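Chemist: File data_18.csv follows (CSV, C-alpha atoms and all ligand atoms):
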chain,number,residue,atom,x,y,z
O,125,MET,CA,70.4,123.7,82.5
O,126,GLU,CA,72.6,126.6,83.7
O,127,LEU,CA,76.1,125.8,84.7
O,128,THR,CA,75.6,127.2,88.2
O,129,ARG,CA,72.6,125.0,88.8
O,130,LYS,CA,74.5,121.9,87.6
O,131,LEU,CA,77.3,122.9,90.0
O,132,GLU,CA,74.8,123.2,92.8
O,133,ILE,CA,73.5,119.7,92.2
O,134,LEU,CA,76.8,118.0,91.4
O,135,ALA,CA,78.8,119.5,94.2
O,136,ASP,CA,76.0,118.6,96.7
O,137,ALA,CA,75.9,115.0,95.3
O,138,ALA,CA,79.7,114.7,95.9
O,139,LYS,CA,79.7,115.7,99.5
O,140,TYR,CA,79.2,112.2,100.8
O,141,ASP,CA,82.6,111.2,99.6
O,142,ALA,CA,85.2,111.7,102.4
O,143,SER,CA,88.3,110.8,100.5
O,144,CYS,CA,89.6,114.2,99.4
O,145,ALA,CA,92.8,115.0,101.2
O,146,SER,CA,95.7,115.8,98.8
O,147,SER,CA,98.8,115.1,100.9
O,148,GLY,CA,101.7,113.0,99.6
O,149,THR,CA,101.9,113.8,95.9
O,150,GLU,CA,105.0,114.8,93.9
O,151,MET,CA,106.0,118.5,93.7
O,152,ARG,CA,105.1,120.5,90.7
O,153,ASP,CA,104.9,124.2,90.2
O,154,SER,CA,104.4,126.8,87.5
O,155,SER,CA,106.9,129.4,88.6
O,156,ASP,CA,108.7,128.9,85.3
O,157,GLY,CA,105.8,130.6,83.6
O,158,LYS,CA,104.7,127.4,81.9
O,159,GLY,CA,101.6,125.7,83.0
O,160,LEU,CA,99.0,126.5,85.6
O,161,GLY,CA,98.7,125.5,89.2
O,162,SER,CA,101.0,124.0,91.8
O,163,THR,CA,101.2,121.2,94.3
O,164,ALA,CA,103.9,123.1,96.3
O,165,PRO,CA,103.3,123.3,100.1
O,166,GLY,CA,100.5,125.6,100.8
O,167,MET,CA,99.0,125.1,97.4
O,168,GLY,CA,98.4,121.4,96.7
O,169,ILE,CA,97.7,120.4,100.3
O,170,CYS,CA,94.2,120.7,101.6
O,171,HIS,CA,94.1,123.1,104.5
O,172,SER,CA,90.5,124.0,104.6
O,173,TYR,CA,87.9,121.9,106.4
O,174,ALA,CA,84.1,122.2,106.6
O,175,PRO,CA,82.7,122.4,110.1
O,176,ASP,CA,82.1,118.7,110.0
O,177,GLY,CA,85.8,118.1,109.5
O,178,ARG,CA,85.7,117.5,105.8
O,179,CYS,CA,88.3,119.0,103.5
O,180,ILE,CA,86.9,121.6,101.1
O,181,SER,CA,89.8,123.1,99.2
O,182,LEU,CA,89.4,120.9,96.2
O,183,LEU,CA,86.7,121.4,93.6
O,184,LYS,CA,84.8,118.3,94.6
O,185,ILE,CA,82.1,117.3,92.1
O,186,LEU,CA,80.5,114.5,90.2
O,187,LEU,CA,80.6,114.5,86.5
O,188,THR,CA,77.0,113.3,86.7
O,189,ASN,CA,74.7,112.1,89.5
O,190,ALA,CA,72.7,110.0,87.1
O,191,CYS,CA,73.6,106.3,87.8
O,192,ASN,CA,72.6,102.9,86.4
O,193,TYR,CA,73.3,101.3,89.8
O,194,ASP,CA,71.0,101.2,92.8
O,195,CYS,CA,73.2,101.2,95.8
O,196,LEU,CA,70.8,101.5,98.7
O,197,TYR,CA,73.0,103.8,100.8
O,198,CYS,CA,73.5,106.3,98.0
O,199,VAL,CA,71.4,109.4,97.3
O,200,ASN,CA,72.3,109.2,93.6
O,201,ARG,CA,71.1,105.6,93.1
O,202,ALA,CA,68.9,104.9,90.1
O,203,SER,CA,65.7,104.8,92.1
O,204,SER,CA,66.4,108.0,94.0
O,205,ASN,CA,64.1,110.9,93.4
O,206,VAL,CA,66.7,113.7,93.2
O,207,PRO,CA,67.2,116.2,90.5
O,208,ARG,CA,69.8,115.0,88.0
O,209,ALA,CA,72.5,116.9,86.2
O,210,ARG,CA,75.5,116.1,84.0
O,211,PHE,CA,78.5,118.2,83.2
O,212,THR,CA,80.2,118.0,79.8
O,213,VAL,CA,84.0,117.3,80.0
O,214,ASP,CA,84.6,120.9,78.8
O,215,GLU,CA,82.4,122.3,81.6
O,216,VAL,CA,84.4,120.6,84.3
O,217,VAL,CA,87.7,121.7,82.7
O,218,LYS,CA,86.4,125.3,82.5
O,219,LEU,CA,85.2,125.3,86.1
O,220,THR,CA,88.4,123.9,87.4
O,221,ILE,CA,90.5,126.5,85.6
O,222,ASP,CA,88.2,129.4,86.6
O,223,PHE,CA,88.1,128.3,90.2
O,224,TYR,CA,91.8,127.8,90.3
O,225,ARG,CA,92.4,131.3,88.8
O,226,ARG,CA,90.1,132.8,91.4
O,227,ASN,CA,92.1,131.1,94.1
O,228,TYR,CA,89.1,129.1,95.3
O,229,ILE,CA,90.7,125.7,94.9
O,230,GLU,CA,94.0,124.0,94.6
O,231,GLY,CA,92.8,121.0,92.6
O,232,LEU,CA,90.0,118.8,91.5
O,233,PHE,CA,88.3,115.8,93.0
O,234,LEU,CA,86.2,114.1,90.3
O,235,SER,CA,83.9,111.2,90.7
O,236,SER,CA,80.8,110.1,88.7
O,237,GLY,CA,77.7,108.0,88.7
O,238,ILE,CA,77.9,105.1,86.3
O,239,ILE,CA,76.2,105.9,83.0
O,240,ARG,CA,76.1,103.7,79.9
O,241,SER,CA,78.9,101.5,81.0
O,242,PRO,CA,81.9,101.5,83.4
O,243,ASP,CA,84.3,102.0,80.4
O,244,TYR,CA,82.2,104.9,79.0
O,245,THR,CA,82.1,106.6,82.4
O,246,MET,CA,85.8,106.1,83.1
O,247,GLU,CA,86.7,107.5,79.6
O,248,GLN,CA,84.7,110.7,80.4
O,249,VAL,CA,86.5,111.1,83.8
O,250,VAL,CA,89.9,110.5,82.2
O,251,SER,CA,89.1,113.0,79.4
O,252,VAL,CA,88.7,115.8,82.0
O,253,ALA,CA,92.1,115.0,83.5
O,254,ARG,CA,93.7,114.6,80.0
O,255,LYS,CA,92.4,118.0,78.9
O,256,LEU,CA,93.5,119.7,82.1
O,257,ARG,CA,97.0,118.4,81.9
O,258,GLU,CA,97.6,118.4,78.2
O,259,GLU,CA,95.6,121.3,76.8
O,260,HIS,CA,95.7,123.6,79.8
O,261,HIS,CA,99.0,122.4,81.4
O,262,PHE,CA,97.2,122.3,84.7
O,263,ARG,CA,99.7,121.3,87.4
O,264,GLY,CA,97.4,121.4,90.4
O,265,TYR,CA,96.2,118.3,92.2
O,266,ILE,CA,93.8,115.8,90.6
O,267,HIS,CA,92.1,113.0,92.4
O,268,LEU,CA,90.0,110.7,90.2
O,269,LYS,CA,87.5,108.1,91.4
O,270,THR,CA,88.2,104.8,89.5
O,271,ILE,CA,85.4,102.6,88.3
O,272,PRO,CA,86.3,99.1,89.3
O,273,GLU,CA,85.2,97.3,86.2
O,274,ALA,CA,86.8,99.8,83.8
O,275,ASP,CA,89.3,98.6,81.2
O,276,ASP,CA,93.0,98.4,82.2
O,277,ALA,CA,94.1,100.9,79.6
O,278,LEU,CA,91.7,103.5,81.0
O,279,ILE,CA,93.0,102.9,84.5
O,280,ALA,CA,96.6,103.2,83.2
O,281,GLU,CA,95.7,106.5,81.6
O,282,ALA,CA,93.9,107.8,84.7
O,283,GLY,CA,97.1,107.1,86.6
O,284,LYS,CA,99.1,109.1,84.0
O,285,TYR,CA,97.1,112.3,84.7
O,286,ALA,CA,95.9,111.9,88.3
O,287,ASP,CA,97.8,112.5,91.5
O,288,ARG,CA,95.6,110.1,93.4
O,289,LEU,CA,93.2,107.4,92.3
O,290,SER,CA,90.6,105.8,94.6
O,291,ILE,CA,88.1,103.1,94.6
O,292,ASN,CA,85.5,102.9,97.3
O,293,ILE,CA,85.4,99.6,99.1
O,294,GLU,CA,82.0,100.8,100.4
O,295,THR,CA,81.2,98.4,103.2
O,296,PRO,CA,83.5,96.6,105.6
O,297,LEU,CA,81.8,93.3,104.9
O,298,GLU,CA,81.5,91.6,101.5
O,299,THR,CA,78.0,90.3,102.5
O,300,SER,CA,76.7,93.8,103.3
O,301,LEU,CA,77.8,95.0,99.8
O,302,THR,CA,75.9,92.2,98.2
O,303,GLN,CA,72.8,93.2,100.2
O,304,LEU,CA,73.2,97.0,99.9
O,305,ALA,CA,74.7,97.4,96.4
O,306,PRO,CA,73.8,94.3,94.4
O,307,GLU,CA,75.4,95.6,91.2
O,308,LYS,CA,78.8,96.0,92.9
O,309,ASP,CA,81.2,93.2,93.5
O,310,GLN,CA,83.8,93.4,96.3
O,311,ARG,CA,86.0,90.9,94.5
O,312,ALA,CA,86.1,93.2,91.4
O,313,ILE,CA,86.8,96.2,93.6
O,314,ARG,CA,89.7,94.3,95.2
O,315,ARG,CA,90.9,93.1,91.9
O,316,THR,CA,91.2,96.7,90.6
O,317,MET,CA,92.9,97.8,93.8
O,318,GLY,CA,95.4,95.0,93.1
O,319,ARG,CA,95.8,96.2,89.5
O,320,LEU,CA,96.5,99.7,90.9
O,321,ARG,CA,99.0,98.4,93.3
O,322,LEU,CA,100.9,96.6,90.6
O,323,LYS,CA,101.0,99.8,88.5
O,324,LEU,CA,102.1,101.8,91.5
O,325,ASP,CA,104.9,99.3,92.3
O,326,GLU,CA,106.0,99.4,88.6
O,327,ALA,CA,106.2,103.2,88.7
O,328,ASP,CA,108.2,103.0,92.0
O,329,ASP,CA,110.6,100.4,90.5
O,330,ALA,CA,111.0,102.5,87.4
O,331,LYS,CA,111.9,105.5,89.5
O,332,LYS,CA,114.7,103.5,91.1
O,333,THR,CA,116.1,102.0,87.9
O,334,ILE,CA,115.5,104.7,85.1
O,335,ARG,CA,118.1,107.3,85.9
O,336,LYS,CA,118.2,109.6,82.8
O,337,ALA,CA,114.8,109.3,81.1
O,338,ARG,CA,111.7,110.4,83.1
O,339,PRO,CA,110.1,107.3,84.5
O,340,PRO,CA,106.4,106.7,83.4
O,341,ARG,CA,104.1,108.5,85.8
O,342,PHE,CA,101.4,106.7,87.7
O,343,ALA,CA,99.3,108.3,90.5
O,344,PRO,CA,102.3,109.6,92.6
O,345,ALA,CA,100.0,110.2,95.6
O,346,GLY,CA,98.9,106.5,95.5
O,347,GLN,CA,95.5,105.0,96.0
O,348,SER,CA,92.9,105.4,98.7
O,349,THR,CA,89.5,104.1,99.6
O,350,GLN,CA,86.4,105.0,101.6
O,351,MET,CA,84.3,102.8,103.9
O,352,ILE,CA,80.8,103.7,104.9
O,353,ILE,CA,80.4,103.4,108.7
O,354,GLY,CA,77.1,102.5,110.3
O,355,ALA,CA,75.1,101.4,107.2
O,356,ASP,CA,75.6,97.8,108.2
O,357,SER,CA,76.1,95.8,111.4
O,358,ALA,CA,80.0,95.7,111.1
O,359,ASP,CA,81.6,96.5,114.5
O,360,ASP,CA,84.7,98.6,114.9
O,361,ARG,CA,86.9,95.5,115.3
O,362,THR,CA,85.7,94.2,111.8
O,363,ILE,CA,86.2,97.7,110.3
O,364,LEU,CA,89.8,98.0,111.5
O,365,SER,CA,90.7,94.5,110.5
O,366,THR,CA,89.3,95.2,107.0
O,367,SER,CA,91.4,98.4,106.9
O,368,ALA,CA,94.6,96.6,108.1
O,369,ASN,CA,94.1,94.1,105.3
O,370,LEU,CA,93.6,96.8,102.7
O,371,TYR,CA,96.7,98.7,103.9
O,372,GLY,CA,98.8,95.5,103.8
O,373,ALA,CA,97.4,94.0,100.5
O,374,TYR,CA,97.1,97.1,98.3
O,375,LYS,CA,99.5,99.6,99.9
O,376,LEU,CA,96.7,102.2,100.3
O,377,ARG,CA,97.8,105.6,101.4
O,378,ARG,CA,94.5,106.2,103.3
O,379,VAL,CA,91.3,104.5,104.3
O,380,TYR,CA,88.6,107.2,104.8
O,381,TYR,CA,85.7,106.5,107.1
O,382,SER,CA,82.5,108.1,106.3
O,383,ALA,CA,79.6,107.9,108.8
O,384,PHE,CA,76.5,106.8,107.0
O,385,SER,CA,74.0,109.7,106.5
O,386,PRO,CA,70.3,108.7,106.3
O,387,ILE,CA,69.0,109.6,102.9
O,388,PRO,CA,65.5,110.5,101.7
O,389,ASP,CA,63.2,107.6,100.8
O,390,ALA,CA,65.8,105.1,102.2
O,391,SER,CA,65.4,101.4,102.0
O,392,ARG,CA,64.3,99.5,105.2
O,393,ALA,CA,67.6,97.6,105.0
O,394,LEU,CA,69.3,100.8,106.2
O,395,PRO,CA,69.3,102.2,109.8
O,396,LEU,CA,67.1,105.2,110.4
O,397,GLN,CA,69.8,107.2,112.3
O,398,ALA,CA,73.4,108.1,111.4
O,399,PRO,CA,76.0,106.7,113.8
O,400,PRO,CA,77.5,109.4,116.1
O,401,LEU,CA,80.1,111.4,114.3
O,402,VAL,CA,82.5,110.7,117.2
O,403,ARG,CA,82.5,107.0,116.1
O,404,GLU,CA,84.0,108.1,112.7
O,405,HIS,CA,86.6,110.2,114.7
O,406,ARG,CA,87.5,107.3,117.0
O,407,LEU,CA,88.0,105.1,113.9
O,408,TYR,CA,90.4,107.7,112.4
O,409,GLN,CA,92.3,107.8,115.7
O,410,ALA,CA,92.5,104.0,115.7
O,411,ASP,CA,93.6,104.1,112.0
O,412,TRP,CA,96.5,106.4,113.0
O,413,LEU,CA,97.5,104.0,115.8
O,414,MET,CA,97.8,101.3,113.2
O,415,ARG,CA,99.7,103.4,110.7
O,416,PHE,CA,102.0,105.4,112.9
O,417,TYR,CA,102.1,103.9,116.4
O,418,GLY,CA,102.8,100.3,115.8
O,419,PHE,CA,99.4,98.9,117.0
O,420,ASP,CA,97.8,95.9,115.4
O,421,ALA,CA,94.2,96.1,114.5
O,422,GLU,CA,93.3,93.2,116.9
O,423,GLU,CA,94.7,94.9,120.0
O,424,ILE,CA,93.1,98.3,119.6
O,425,VAL,CA,89.5,97.2,120.3
O,426,ASP,CA,88.7,95.4,123.5
O,427,GLU,CA,88.3,91.8,122.7
O,428,GLY,CA,85.0,91.4,124.4
O,429,ALA,CA,83.5,94.7,123.2
O,430,GLY,CA,83.9,94.9,119.4
O,431,MET,CA,83.4,98.6,119.5
O,432,LEU,CA,85.8,101.5,120.4
O,433,PRO,CA,84.7,103.5,123.4
O,434,LEU,CA,83.3,106.9,122.4
O,435,ASP,CA,84.2,108.8,125.6
O,436,ILE,CA,88.0,108.3,125.5
O,437,ASP,CA,90.5,107.9,122.6
O,438,PRO,CA,91.6,104.4,121.7
O,439,LYS,CA,95.2,104.7,122.9
O,440,LEU,CA,94.1,105.8,126.4
O,441,ALA,CA,91.5,103.0,126.4
O,442,TRP,CA,94.3,100.5,125.5
O,443,ALA,CA,96.5,101.8,128.3
O,444,LEU,CA,93.8,101.6,130.8
O,445,ARG,CA,93.2,97.9,129.8
O,446,HIS,CA,97.0,97.2,130.1
O,447,ARG,CA,97.8,99.1,133.4
O,448,ASP,CA,100.3,96.3,134.2
O,449,ARG,CA,102.6,97.7,131.5
O,450,PHE,CA,102.8,101.1,133.3
O,451,PRO,CA,104.3,103.3,134.7
O,452,LEU,CA,107.0,103.4,132.1
O,453,ASP,CA,110.4,105.0,132.7
O,454,VAL,CA,110.6,107.7,130.0
O,455,ASN,CA,114.4,107.9,130.3
O,456,LYS,CA,114.8,104.1,129.6
O,457,ALA,CA,111.8,102.9,127.6
O,458,SER,CA,112.1,101.9,123.9
O,459,ARG,CA,110.5,103.9,121.1
O,460,GLU,CA,107.9,101.3,120.7
O,461,GLU,CA,106.9,101.5,124.3
O,462,LEU,CA,106.9,105.3,124.4
O,463,LEU,CA,104.5,105.3,121.4
O,464,ARG,CA,102.0,103.6,123.5
O,465,VAL,CA,101.9,106.2,126.3
O,466,PRO,CA,98.7,108.3,126.4
O,467,GLY,CA,99.5,111.9,125.7
O,468,PHE,CA,102.7,111.1,123.6
O,469,GLY,CA,102.5,111.8,119.9
O,470,THR,CA,105.0,110.5,117.3
O,471,ARG,CA,107.0,113.8,117.3
O,472,THR,CA,107.0,113.9,121.1
O,473,VAL,CA,108.6,110.5,121.2
O,474,GLU,CA,111.3,111.6,118.7
O,475,ARG,CA,111.9,114.7,120.9
O,476,ILE,CA,112.2,112.5,124.0
O,477,ILE,CA,114.6,110.2,122.4
O,478,ALA,CA,116.8,113.1,121.2
O,479,THR,CA,116.7,114.9,124.5
O,480,ARG,CA,117.5,111.9,126.7
O,481,ARG,CA,120.8,111.3,124.8
O,482,SER,CA,122.2,114.3,126.6
O,483,THR,CA,120.1,114.8,129.7
O,484,SER,CA,117.6,113.1,132.0
O,485,ILE,CA,114.0,114.1,131.4
O,486,ARG,CA,112.2,115.9,134.2
O,487,LEU,CA,108.7,117.2,134.9
O,488,ALA,CA,109.7,120.7,133.8
O,489,ASP,CA,110.7,119.3,130.3
O,490,LEU,CA,107.2,118.0,129.5
O,491,ALA,CA,105.8,121.3,128.1
O,492,ARG,CA,108.8,121.7,125.8
O,493,LEU,CA,108.4,118.2,124.6
O,494,HIS,CA,104.6,118.8,123.8
O,495,VAL,CA,103.4,116.1,126.1
O,496,ILE,CA,99.7,116.2,127.1
O,497,ARG,CA,100.7,116.3,130.7
O,498,ASN,CA,97.5,115.3,132.6
O,499,LYS,CA,97.0,112.4,130.3
O,500,ALA,CA,100.5,111.1,130.5
O,501,LEU,CA,101.5,111.6,134.2
O,502,PRO,CA,99.7,108.5,135.6
O,503,PHE,CA,101.5,106.3,133.1
O,504,ILE,CA,105.1,107.6,133.3
O,505,VAL,CA,108.2,107.8,135.5
O,506,LEU,CA,110.6,110.7,135.2
O,507,SER,CA,113.7,111.6,137.1
O,508,ASP,CA,111.6,113.7,139.5
O,509,HIS,CA,108.2,112.0,139.1
O,510,ARG,CA,106.7,108.7,140.0
O,511,PRO,CA,102.9,108.2,140.2
O,512,ALA,CA,101.7,107.0,143.6
O,513,PRO,CA,101.2,103.2,143.5
O,514,ALA,CA,97.5,103.5,143.8
O,515,THR,CA,97.1,106.0,140.9
O,516,LEU,CA,97.1,103.4,138.2
O,517,ASP,CA,94.8,101.1,140.1
O,518,ALA,CA,92.3,103.8,140.9
O,519,ALA,CA,88.8,102.9,139.7
O,520,GLY,CA,88.1,106.6,138.9
O,521,LEU,CA,91.2,107.0,136.6
O,522,ARG,CA,89.1,106.7,133.4
O,523,THR,CA,86.6,109.3,134.6
O,524,ARG,CA,89.4,111.6,135.6
O,525,LEU,CA,91.1,111.3,132.2
O,526,ARG,CA,88.0,111.6,130.2
O,527,PRO,CA,88.2,114.8,128.1
O,528,LYS,CA,85.7,117.6,128.6
O,529,PRO,CA,83.5,118.0,125.5
O,530,GLN,CA,85.5,120.0,122.8
O,531,GLN,CA,86.2,120.1,119.1
O,532,LEU,CA,87.6,116.8,117.8
O,533,GLY,CA,91.4,116.5,117.3
O,534,PHE,CA,94.1,113.9,117.3
O,535,GLY,CA,95.1,114.3,120.9
O,536,PHE,CA,97.0,111.1,121.6
Y,1,LIG,S1,77.6,103.4,91.8
Y,1,LIG,FE1,76.3,103.3,93.6
Y,1,LIG,S2,77.5,104.6,95.1
Y,1,LIG,FE2,78.2,105.1,93.0
Y,1,LIG,S3,76.9,106.8,92.3
Y,1,LIG,FE3,75.9,104.9,91.6
Y,1,LIG,S4,74.4,104.4,93.1
Y,1,LIG,FE4,75.9,105.8,94.1
Could I get this structure in the form of structure tokens?

Modeler:
Amino acid sequence: MELTRKLEILADAAKYDASCASSGTEMRDSSDGKGLGSTAPGMGICHSYAPDGRCISLLKILLTNACNYDCLYCVNRASSNVPRARFTVDEVVKLTIDFYRRNYIEGLFLSSGIIRSPDYTMEQVVSVARKLREEHHFRGYIHLKTIPEADDALIAEAGKYADRLSINIETPLETSLTQLAPEKDQRAIRRTMGRLRLKLDEADDAKKTIRKARPPRFAPAGQSTQMIIGADSADDRTILSTSANLYGAYKLRRVYYSAFSPIPDASRALPLQAPPLVREHRLYQADWLMRFYGFDAEEIVDEGAGMLPLDIDPKLAWALRHRDRFPLDVNKASREELLRVPGFGTRTVERIIATRRSTSIRLADLARLHVIRNKALPFIVLSDHRPAPATLDAAGLRTRLRPKPQQLGFGF
């Protein structure tokens, strides 16, 4: 099979994996004339996104889409009637180098169907990274998918060459994984995440203690995972609580949420329709609230509902459910309180805190502080602004604050 045809099949087969952002790795460059590639700002960071919001600046491919497993939600499952292809290790290396030289990509995201055995597959994936780093001195970004059952030595080697490693948790509920992916075992997945965490901690400790020699390298951009949304009955509350547990237990850098896409000849156990893309977006917003805004998973979703509202963002929804906590005096409130105001981002809060050390904040300052004014005004008090007492109690406030349809963004 021609290389271009293989690329067509194996890039298409990889498009369902959402976990491809490359932020947070160590800095490397090749300005010394040695090596190839760079993770310097503007080079190793993914800036390009497909219209559906997915990052596209890494060469994102599978080594093969043949697979021994039969995960019902996966287009590459053993029983799927799709054309199959397989790259050799050298072909992936060549493509990565060629694409990098042509400035098409800044790095490689490599995953694979499981062939022969988890160890054999992992060895093939690791060989690509080893060749790129050791034979071609490639210094761009490498993200490798880890096979949960693979041998510890292979995982250690993967971490030596990759910037980021990831293992997909697949479904929010262990019971769904048993039903939808019988060959997979969520306990094995979590065990491997635990092994990765130990190695990441060891590498961090070594960085602190080994001063002169170079500390052993292990996946400096950490580990991430992906959860499929809408393939099972898990509600948003369950999904967020699984994410909170993963962040806490395994120090994940990111949990990616991937809305389930119906696949050809799908099993009856799967829904016929994809969940609305906005659900995926609301989950990302809620995830940010947990990671950067001090929210607990349990408080983000309305207790009785189980699902995030789709028409407004989760922080605004929380504020509307807790109107008794507002309006908040921006000149006196704590950082934690300010982070909960709709229309205030994390940088806005830092700007507010810096500004109010020297002057009292007024309406005219809001634009400079990057406050989303219409969203914030009903919830805040400034030196020259106090919302009318009835504003917060108004039944129509939610309708008034509901955004007009537009491209999705993180507009907290
Ligand atoms: S292991 Fe499951 S999810 Fe991964 S490629 Fe094979 S069938 Fe797809």

Chemist: Near Ile239 in chain O, counting only C-alpha atoms, which residues have an atom at most 10 Å away, once you skip same-chain residues fewer than 2 positions from it, shown as a list in words?

Modeler: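 Within the cut-off, the hits are Thr188, Asn189, Ala190, Cys191, Asn192, Tyr193, Ser236, Gly237, Ser241, Pro242, Asp243, Tyr244, Thr245 and Met246 of chain O.
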
Chemist: With distances taken over all atoms listed in the file, which residue among O:Gln248, O:Asn200, O:Thr302, O:Thr128 lies nearest Leu219 in chain O?

Modeler: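 Residue with the minimum atom-to-atom distance to Leu219 in chain O: O:Thr128.
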
Chemist: Name the residues, by chain letter and number, that sit within 10 Å of ligand LIG 1 (chain Y) using all atoms listed in the file, and give them as number ranges by chain.

Modeler: O: 137-138, 140-141, 186, 188-204, 235-239, 242, 269, 271, 292, 294, 304-308

Chemist: Generate the output file for the selected residues, C-alpha atoms, as a PDB file, keeping the file's coordinate frame.

Modeler:
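Output file selection-v4.pdb follows:
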ATOM      1  CA  ALA O 137      75.900 115.000  95.300  1.00  0.00           C
ATOM      2  CA  ALA O 138      79.700 114.700  95.900  1.00  0.00           C
ATOM      3  CA  TYR O 140      79.200 112.200 100.800  1.00  0.00           C
ATOM      4  CA  ASP O 141      82.600 111.200  99.600  1.00  0.00           C
ATOM      5  CA  LEU O 186      80.500 114.500  90.200  1.00  0.00           C
ATOM      6  CA  THR O 188      77.000 113.300  86.700  1.00  0.00           C
ATOM      7  CA  ASN O 189      74.700 112.100  89.500  1.00  0.00           C
ATOM      8  CA  ALA O 190      72.700 110.000  87.100  1.00  0.00           C
ATOM      9  CA  CYS O 191      73.600 106.300  87.800  1.00  0.00           C
ATOM     10  CA  ASN O 192      72.600 102.900  86.400  1.00  0.00           C
ATOM     11  CA  TYR O 193      73.300 101.300  89.800  1.00  0.00           C
ATOM     12  CA  ASP O 194      71.000 101.200  92.800  1.00  0.00           C
ATOM     13  CA  CYS O 195      73.200 101.200  95.800  1.00  0.00           C
ATOM     14  CA  LEU O 196      70.800 101.500  98.700  1.00  0.00           C
ATOM     15  CA  TYR O 197      73.000 103.800 100.800  1.00  0.00           C
ATOM     16  CA  CYS O 198      73.500 106.300  98.000  1.00  0.00           C
ATOM     17  CA  VAL O 199      71.400 109.400  97.300  1.00  0.00           C
ATOM     18  CA  ASN O 200      72.300 109.200  93.600  1.00  0.00           C
ATOM     19  CA  ARG O 201      71.100 105.600  93.100  1.00  0.00           C
ATOM     20  CA  ALA O 202      68.900 104.900  90.100  1.00  0.00           C
ATOM     21  CA  SER O 203      65.700 104.800  92.100  1.00  0.00           C
ATOM     22  CA  SER O 204      66.400 108.000  94.000  1.00  0.00           C
ATOM     23  CA  SER O 235      83.900 111.200  90.700  1.00  0.00           C
ATOM     24  CA  SER O 236      80.800 110.100  88.700  1.00  0.00           C
ATOM     25  CA  GLY O 237      77.700 108.000  88.700  1.00  0.00           C
ATOM     26  CA  ILE O 238      77.900 105.100  86.300  1.00  0.00           C
ATOM     27  CA  ILE O 239      76.200 105.900  83.000  1.00  0.00           C
ATOM     28  CA  PRO O 242      81.900 101.500  83.400  1.00  0.00           C
ATOM     29  CA  LYS O 269      87.500 108.100  91.400  1.00  0.00           C
ATOM     30  CA  ILE O 271      85.400 102.600  88.300  1.00  0.00           C
ATOM     31  CA  ASN O 292      85.500 102.900  97.300  1.00  0.00           C
ATOM     32  CA  GLU O 294      82.000 100.800 100.400  1.00  0.00           C
ATOM     33  CA  LEU O 304      73.200  97.000  99.900  1.00  0.00           C
ATOM     34  CA  ALA O 305      74.700  97.400  96.400  1.00  0.00           C
ATOM     35  CA  PRO O 306      73.800  94.300  94.400  1.00  0.00           C
ATOM     36  CA  GLU O 307      75.400  95.600  91.200  1.00  0.00           C
ATOM     37  CA  LYS O 308      78.800  96.000  92.900  1.00  0.00           C
TER      38      LYS O 308
END

Chemist: Would you compute the distance between CA of Gln350 in chain O and CA of Arg208 in chain O? Give it in Å to one decimal.

Modeler: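 So the answer is 23.7 Å.
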
Chemist: Between O:Arg319, O:Arg226, O:Arg459, O:Arg361, which residue has the minimum interatomic distance to Thr270 in chain O, considering only C-alpha atoms?

Modeler: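 Looking only at the distances to Thr270 in chain O, the closest residue turns out to be O:Arg319.
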
Chemist: Any idea what's packed within 9 Å of Asn455 in chain O, counting all atoms listed in the file, ignoring anything in its chain fewer than 3 positions away? Could you give it as a PyMOL selection string?

Modeler: chain O and resi 452+476-477+480+483-485+505-507

Chemist: One decimal, in Å: what's the spacing between CA of Arg210 in chain O and CA of Lys130 in chain O?

Modeler: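 Spanning CA of Arg210 in chain O to CA of Lys130 in chain O is a straight-line distance of 6.9 Å.
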
Chemist: Interatomic distance between CA of Asp426 in chain O and CA of Thr470 in chain O?

Modeler: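 Between CA of Asp426 in chain O and CA of Thr470 in chain O the gap is 23.1 Å.
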
Chemist: Within 12 Å of (90.0, 95.1, 97.6), in the coordinates the file gives, what residues turn up when you count only C-alpha atoms, written out as a PyMOL selection string?

Modeler: chain O and resi 272+290-298+309-321+347-351+366-376+379

Chemist: Taking only C-alpha atoms into account, which of O:Leu516, O:Val495, O:Ile185, O:Ala421 comes nearest Leu463 in chain O?

Modeler: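 Between O:Leu516, O:Val495, O:Ile185, O:Ala421, the residue approaching Leu463 in chain O most closely is O:Val495.
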
Chemist: Which residues are close to range 496-498 of chain O, i.e. within 10 Å by all atoms listed in the file, leaving aside same-chain residues fewer than 3 positions away? Reply as a ChimeraX atom specification.

Modeler: /O:466-469,472,487,490-491,493,501-503,524-525,535-536

Chemist: Just to be explicit: take each residue in the selection above, keep C-alpha atoms, and write the result as a short mmCIF file (atom, residue, chain, number, x, y, z; two decimals), keeping the file's coordinate frame.

Modeler:
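result-v5.cif, freshly written:
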data_model
loop_
_atom_site.label_atom_id
_atom_site.label_comp_id
_atom_site.auth_asym_id
_atom_site.auth_seq_id
_atom_site.Cartn_x
_atom_site.Cartn_y
_atom_site.Cartn_z
CA PRO O 466 98.70 108.30 126.40
CA GLY O 467 99.50 111.90 125.70
CA PHE O 468 102.70 111.10 123.60
CA GLY O 469 102.50 111.80 119.90
CA THR O 472 107.00 113.90 121.10
CA LEU O 487 108.70 117.20 134.90
CA LEU O 490 107.20 118.00 129.50
CA ALA O 491 105.80 121.30 128.10
CA LEU O 493 108.40 118.20 124.60
CA LEU O 501 101.50 111.60 134.20
CA PRO O 502 99.70 108.50 135.60
CA PHE O 503 101.50 106.30 133.10
CA ARG O 524 89.40 111.60 135.60
CA LEU O 525 91.10 111.30 132.20
CA GLY O 535 95.10 114.30 120.90
CA PHE O 536 97.00 111.10 121.60
#
